[in-house]
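**Q** For reference, this is upload-v2.csv, and it has CSV, C-alpha atoms.
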chain,number,residue,atom,x,y,z
A,298,MET,CA,59.7,51.8,71.1
A,299,LYS,CA,62.1,54.6,70.1
A,300,ASN,CA,61.6,56.4,66.9
A,301,LYS,CA,64.0,58.8,65.3
A,302,ILE,CA,64.2,60.8,62.1
A,303,PHE,CA,67.4,62.0,60.6
A,304,LEU,CA,67.2,65.0,58.3
A,305,SER,CA,69.6,66.0,55.6
A,306,PHE,CA,69.7,69.1,53.4
A,307,LEU,CA,71.4,70.3,50.3
A,308,PHE,CA,71.9,73.5,48.3
A,309,VAL,CA,71.4,73.2,44.6
A,310,PHE,CA,72.7,76.1,42.6
A,311,PHE,CA,72.3,76.4,38.9
A,312,ILE,CA,74.6,79.2,37.5
A,313,PHE,CA,75.2,79.5,33.9
A,314,TYR,CA,78.1,81.5,32.6
A,315,ILE,CA,77.8,82.6,29.0
A,316,LEU,CA,80.6,84.5,27.2
A,317,PHE,CA,79.8,86.7,24.3
A,318,PHE,CA,82.4,87.6,21.7
A,319,ILE,CA,81.1,90.5,19.6
A,320,LEU,CA,83.1,91.5,16.6
A,321,ILE,CA,82.9,95.2,15.7
A,322,GLU,CA,85.2,97.5,13.8
A,323,SER,CA,87.1,98.4,16.9
A,324,VAL,CA,87.5,95.8,19.6
A,325,ARG,CA,88.8,96.2,23.1
A,326,ALA,CA,89.5,93.2,25.2
A,327,ALA,CA,91.2,92.4,28.5
A,328,ASP,CA,93.5,89.4,28.9
A,329,MET,CA,94.5,89.0,32.5
A,330,LYS,CA,96.9,86.3,33.5
A,331,SER,CA,99.5,85.1,36.1
A,332,SER,CA,101.4,81.9,36.7
A,333,THR,CA,98.2,80.3,38.0
A,334,TYR,CA,95.3,81.7,36.0
A,335,ARG,CA,94.2,83.4,32.8
A,336,ILE,CA,91.0,85.3,32.4
A,337,LYS,CA,89.8,86.7,29.1
A,338,TYR,CA,87.0,89.2,28.7
A,339,ALA,CA,85.4,90.5,25.5
A,340,ASN,CA,85.3,94.1,26.8
A,341,ILE,CA,86.4,96.4,29.6
A,342,ASN,CA,83.7,97.8,31.8
A,343,ILE,CA,83.9,101.4,33.0
A,344,GLY,CA,83.7,101.6,36.8
A,345,ALA,CA,83.0,98.0,37.4
A,346,GLU,CA,84.2,97.8,41.0
A,347,GLY,CA,83.0,97.9,44.6
A,348,SER,CA,82.7,101.2,46.5
A,349,THR,CA,82.3,101.3,50.3
A,350,SER,CA,81.8,103.7,53.1
A,351,PRO,CA,80.8,103.3,56.8
A,352,GLY,CA,77.2,103.4,55.7
A,353,TYR,CA,76.9,101.5,52.4
A,354,ASN,CA,78.4,99.0,50.0
A,355,LEU,CA,77.9,99.6,46.2
A,356,SER,CA,78.9,97.4,43.3
A,357,THR,CA,78.6,98.7,39.8
A,358,THR,CA,78.7,97.6,36.1
A,359,ILE,CA,78.9,100.5,33.7
A,360,GLY,CA,79.6,100.5,30.0
A,361,GLN,CA,78.9,96.9,29.3
A,362,THR,CA,78.7,95.9,25.6
A,363,ALA,CA,75.3,94.4,24.5
A,364,ALA,CA,73.6,94.9,27.8
A,365,GLY,CA,70.0,93.5,27.9
A,366,GLU,CA,67.8,90.5,28.2
A,367,PHE,CA,67.7,88.2,25.2
A,368,THR,CA,65.2,85.3,24.8
A,369,SER,CA,64.5,82.5,22.4
A,370,ALA,CA,62.8,79.1,22.5
A,371,GLY,CA,64.6,77.2,25.2
A,372,TYR,CA,66.8,79.9,26.8
A,373,THR,CA,66.9,83.4,28.4
A,374,VAL,CA,70.2,85.4,28.5
A,375,LYS,CA,70.6,88.3,30.8
A,376,ALA,CA,73.8,90.1,29.9
A,377,GLY,CA,75.5,93.2,31.0
A,378,PHE,CA,73.7,93.8,34.3
A,379,GLN,CA,74.1,92.2,37.7
A,380,TYR,CA,70.9,90.2,37.4
A,381,TRP,CA,72.1,87.5,39.8
A,382,HIS,CA,74.0,89.8,42.2
A,383,ALA,CA,72.4,89.0,45.6
A,384,ILE,CA,72.1,91.7,48.3
A,385,VAL,CA,70.9,89.0,50.6
A,386,PRO,CA,73.0,85.8,50.1
A,387,PHE,CA,71.1,82.5,49.6
A,388,THR,CA,71.1,80.4,52.8
A,389,PHE,CA,69.2,77.4,54.0
A,390,SER,CA,69.2,75.8,57.4
A,391,VAL,CA,67.3,73.2,59.5
A,392,SER,CA,67.1,74.0,63.2
A,393,ASP,CA,67.1,70.3,64.4
A,394,THR,CA,68.5,67.5,62.2
A,395,GLY,CA,67.9,64.7,64.7
A,396,ILE,CA,64.2,64.4,65.5
A,397,ASP,CA,63.2,62.1,68.4
A,398,LEU,CA,59.6,61.1,68.6
A,399,GLY,CA,60.2,59.3,71.8
A,400,SER,CA,58.6,56.0,73.0
A,401,LEU,CA,55.3,55.6,71.1
A,402,ILE,CA,52.2,54.5,72.9
A,403,PRO,CA,49.4,52.9,70.9
A,404,ASN,CA,46.6,55.2,69.9
A,405,THR,CA,48.5,58.2,71.3
A,406,PRO,CA,50.1,60.3,68.6
A,407,SER,CA,53.6,61.7,69.1
A,408,THR,CA,54.8,64.9,67.4
A,409,ALA,CA,58.1,66.8,67.1
A,410,ASP,CA,59.0,70.0,65.2
A,411,THR,CA,61.9,71.5,63.3
A,412,THR,CA,62.2,74.9,61.6
A,413,LEU,CA,63.3,75.5,58.0
A,414,SER,CA,64.9,78.9,57.3
A,415,VAL,CA,65.6,80.4,53.9
A,416,SER,CA,67.0,83.8,53.0
A,417,PHE,CA,67.6,84.8,49.4
A,418,GLY,CA,68.2,88.0,47.4
A,419,GLY,CA,68.7,86.9,43.8
A,420,ALA,CA,66.4,88.0,41.0
A,421,GLY,CA,64.3,84.9,41.0
A,422,ASN,CA,62.6,82.5,43.4
A,423,TYR,CA,63.3,79.5,45.5
A,424,GLN,CA,61.8,76.2,46.6
A,425,VAL,CA,62.5,73.5,49.2
A,426,THR,CA,61.5,69.9,48.5
A,427,ALA,CA,61.4,66.8,50.7
A,428,ILE,CA,61.5,63.1,50.3
A,429,GLU,CA,62.1,60.2,52.7
A,430,GLU,CA,64.5,57.3,52.3
A,431,GLY,CA,61.9,54.7,53.1
A,432,PRO,CA,59.3,54.6,55.9
A,433,LEU,CA,60.1,54.5,59.6
A,434,ARG,CA,61.8,51.0,59.9
A,435,THR,CA,63.7,48.8,62.3
A,436,MET,CA,66.9,47.0,61.5
A,437,ALA,CA,64.8,43.8,61.3
A,438,GLY,CA,62.6,45.3,58.6
A,439,ASN,CA,59.5,46.1,60.6
A,440,ALA,CA,57.9,49.4,59.4
A,441,ILE,CA,55.4,52.0,60.4
A,442,ASP,CA,53.5,52.7,57.3
A,443,ASN,CA,53.1,56.2,55.9
A,444,THR,CA,49.8,57.9,57.0
A,445,ALA,CA,46.7,57.9,55.0
A,446,CYS,CA,45.3,60.5,57.5
A,447,ASN,CA,41.7,59.7,58.6
A,448,GLY,CA,41.2,57.6,55.5
A,449,GLY,CA,37.9,57.2,53.7
A,450,GLY,CA,37.0,60.5,52.1
A,451,ASP,CA,39.9,62.1,54.0
A,452,THR,CA,42.7,60.0,52.6
A,453,CYS,CA,45.8,62.1,52.1
A,454,THR,CA,48.6,61.7,49.6
A,455,SER,CA,52.1,63.0,49.2
A,456,ALA,CA,50.7,65.9,47.2
A,457,ALA,CA,47.5,66.6,49.2
A,458,ALA,CA,47.1,67.2,52.9
A,459,LYS,CA,44.0,66.0,54.7
A,460,LEU,CA,42.6,66.0,58.2
A,461,TRP,CA,44.3,63.6,60.6
A,462,ASP,CA,42.7,63.8,64.1
A,463,ASN,CA,41.4,60.2,64.5
A,464,ASN,CA,43.6,58.4,67.0
A,465,SER,CA,42.6,55.1,65.5
A,466,SER,CA,44.3,56.1,62.2
A,467,TYR,CA,47.9,55.0,62.2
A,468,GLY,CA,51.1,55.9,60.4
A,469,PHE,CA,53.8,58.5,59.9
A,470,GLY,CA,53.3,61.9,58.3
A,471,TYR,CA,54.0,65.7,58.6
A,472,LYS,CA,52.4,69.1,58.3
A,473,MET,CA,53.7,72.5,57.4
A,474,ALA,CA,53.0,75.9,59.1
A,475,ASP,CA,54.0,79.6,58.8
A,476,GLU,CA,55.6,81.1,55.7
A,477,ASP,CA,55.8,80.0,52.1
A,478,ILE,CA,54.0,76.7,52.6
A,479,PRO,CA,52.0,74.7,50.0
A,480,GLN,CA,48.4,75.8,49.4
A,481,THR,CA,47.2,72.3,50.3
A,482,TYR,CA,48.0,73.1,54.0
A,483,THR,CA,46.4,76.6,54.0
A,484,ASP,CA,43.3,75.3,52.3
A,485,CYS,CA,42.9,72.3,54.6
A,486,GLY,CA,43.7,73.7,58.1
A,487,SER,CA,46.1,73.4,61.0
A,488,ASN,CA,45.4,69.7,61.8
A,489,CYS,CA,46.1,68.4,58.2
A,490,TYR,CA,49.0,66.1,57.3
A,491,ARG,CA,50.4,64.2,54.4
A,492,PRO,CA,52.9,61.5,53.9
A,493,PHE,CA,56.4,62.1,52.6
A,494,PRO,CA,57.1,60.7,49.1
A,495,ASP,CA,59.3,57.6,49.4
A,496,THR,CA,62.5,57.0,47.4
A,497,THR,CA,62.0,53.3,47.8
A,498,ALA,CA,58.6,53.3,46.1
A,499,THR,CA,58.6,51.7,42.6
A,500,SER,CA,55.0,51.5,41.5
A,501,PRO,CA,54.7,54.3,40.8
A,502,VAL,CA,58.1,56.0,41.4
A,503,GLN,CA,57.6,59.0,43.7
A,504,ASN,CA,59.3,62.4,43.4
A,505,PRO,CA,60.2,65.0,46.0
A,506,GLU,CA,57.3,67.3,47.0
A,507,VAL,CA,57.6,71.1,47.5
A,508,VAL,CA,57.3,72.1,51.2
A,509,MET,CA,58.4,75.8,50.8
A,510,SER,CA,58.5,78.1,47.9
A,511,SER,CA,58.4,81.9,47.1
A,512,SER,CA,59.1,84.3,44.3
A,513,ASN,CA,59.3,87.3,46.6
A,514,VAL,CA,63.0,87.9,46.9
A,515,THR,CA,64.1,89.2,50.4
A,516,VAL,CA,65.8,92.4,49.3
A,517,ASP,CA,63.4,94.9,50.9
A,518,LEU,CA,65.2,95.4,54.3
A,519,THR,CA,63.3,98.5,55.3
A,520,SER,CA,59.6,98.0,54.9
A,521,LYS,CA,59.5,94.2,55.6
A,522,PRO,CA,62.6,93.4,57.8
A,523,LYS,CA,61.0,90.2,59.1
A,524,ASP,CA,61.1,88.8,55.5
A,525,ILE,CA,64.9,88.8,55.5
A,526,VAL,CA,64.6,85.2,56.6
A,527,HIS,CA,61.6,83.1,55.5
A,528,GLN,CA,60.7,80.4,58.0
A,529,SER,CA,58.3,77.5,58.2
A,530,THR,CA,57.7,74.8,60.8
A,531,VAL,CA,57.7,71.1,60.0
A,532,THR,CA,55.7,69.0,62.4
A,533,PHE,CA,56.3,65.2,62.3
A,534,LYS,CA,53.7,62.9,63.6
A,535,ALA,CA,53.6,59.1,64.3
A,536,ASN,CA,50.7,57.1,65.6
A,537,ILE,CA,50.8,53.3,66.1
A,538,SER,CA,48.3,50.5,66.7
A,539,PRO,CA,48.5,48.0,69.6
A,540,LEU,CA,49.8,45.4,67.1
A,541,GLN,CA,52.9,47.4,66.1
A,542,GLU,CA,56.1,45.4,66.7
A,543,THR,CA,58.5,46.9,69.3
A,544,GLY,CA,61.9,48.2,68.3
A,545,SER,CA,63.8,51.3,67.3
A,546,TYR,CA,62.4,52.8,64.1
A,547,GLN,CA,64.4,55.3,62.0
A,548,THR,CA,64.3,57.0,58.6
A,549,VAL,CA,66.1,59.9,56.8
A,550,ILE,CA,64.2,62.9,55.3
A,551,ASN,CA,66.1,64.8,52.6
A,552,PHE,CA,65.4,68.5,52.2
A,553,VAL,CA,66.8,70.2,49.1
A,554,ALA,CA,66.7,74.0,48.7
A,555,THR,CA,67.0,75.3,45.2
A,556,PRO,CA,67.3,79.0,44.2
A,557,THR,CA,66.6,80.3,40.7
A,558,PHE,CA,68.6,83.3,39.3
Will you turn the file into structure tokens for me?
**A**
Amino acid sequence: MKNKIFLSFLFVFFIFYILFFILIESVRAADMKSSTYRIKYANINIGAEGSTSPGYNLSTTIGQTAAGEFTSAGYTVKAGFQYWHAIVPFTFSVSDTGIDLGSLIPNTPSTADTTLSVSFGGAGNYQVTAIEEGPLRTMAGNAIDNTACNGGGDTCTSAAAKLWDNNSSYGFGYKMADEDIPQTYTDCGSNCYRPFPDTTATSPVQNPEVVMSSSNVTVDLTSKPKDIVHQSTVTFKANISPLQETGSYQTVINFVATPTF
């Protein structure tokens, strides 16, 4: 039986623009417009422009009114500085978006890998979450259940990875390796898996699980050049019983990368 997994991925950017109008005794404002746009600013910055040479790029903000970080219950405002200016742009990619687990043989696990890559230089952190759009299933509705790993005392969940090395334990799951992976994998070991949360589950409703995350922005290009890109490996695994119905099984895994500025 043929088994395929289709992966999709999204960028989610949350950017909040807040305009401050500060009335003082003497007010300077800029009102820039043309036939197609109009931009109004509460002040004029001194030297707010980009400077370049063959060896560098420099952008500046000088003379901003009311520069600083302001907080209150429910919000934080960072005004006047380039808090969200990213030296390393936020990018996210999946190396292989069509995973083929091949023709499955009972009691013989099949695995396949893809690589998640993230780079980011904003003043914040990032996370990548994953969820499946239902289990591996045929057009006729036959399904390969999500794994419970070895079961018994080693039953895994969508939040907790457990050992899965028993070839008589069946199902579909995944493990994470390399950078920025959840602690459940580093604590459990290299042969530990967990099932994807399922969008079709209703009792209870399941939410996406974090598969990568970091608060170490990738802006240090000299001391840790390898960290310009953070990468992790997703290993998909399926194992079936001799009673599994034949057919072509498919599902879709959604990966969502979210930066925080």
**Q** Which polymer residues have any atom within 9 Å of an atom of A:Met436, counting only C-alpha atoms, with same-chain residues fewer than 2 positions away left out, as a PyMOL selection string?
**A** chain A and resi 434+438-439+544-547
**Q** When you count all atoms listed in the file, which of these residues is closest to A:Asn422: A:Thr543, A:Ala554, A:Thr532, A:Ala440?
**A** A:Ala554
**Q** Select, from A:Gly371, A:Gly449, A:Pro479, A:Pro539, the residue with the minimum atom-to-atom distance to A:Ile402, counting all atoms listed in the file.
**A** A:Pro539
**Q** Looking at A:Ser332, A:Thr499, A:Ser529, A:Thr548, which one is nearest to A:Asp397, with distances taken over only C-alpha atoms?
**A**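 Closest candidate: A:Thr548.
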**Q** Using all atoms listed in the file, which residue out of A:Ser369, A:Gln480, A:Asn443, A:Thr411 lies closest to A:Val507?
**A**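 Result for the nearest residue to A:Val507: A:Gln480.
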**Q** Please compute the atom CA of A:Pro492-atom CA of A:Gly468 distance, one decimal, in Å.
**A**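 So the answer is 8.8 Å.
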**Q** Just give me the gap between atom CA of A:Glu430 and atom CA of A:Asp495 in Å, one decimal is fine.
**A** 6.0 Å
**Q** Go through A:Asn536, A:Thr412, A:Ser487, A:Asn463 one by one, measure the shortest atom-to-atom distance of each to A:Leu433 using only C-alpha atoms, and give the residue with the smallest value.
**A** A:Asn536
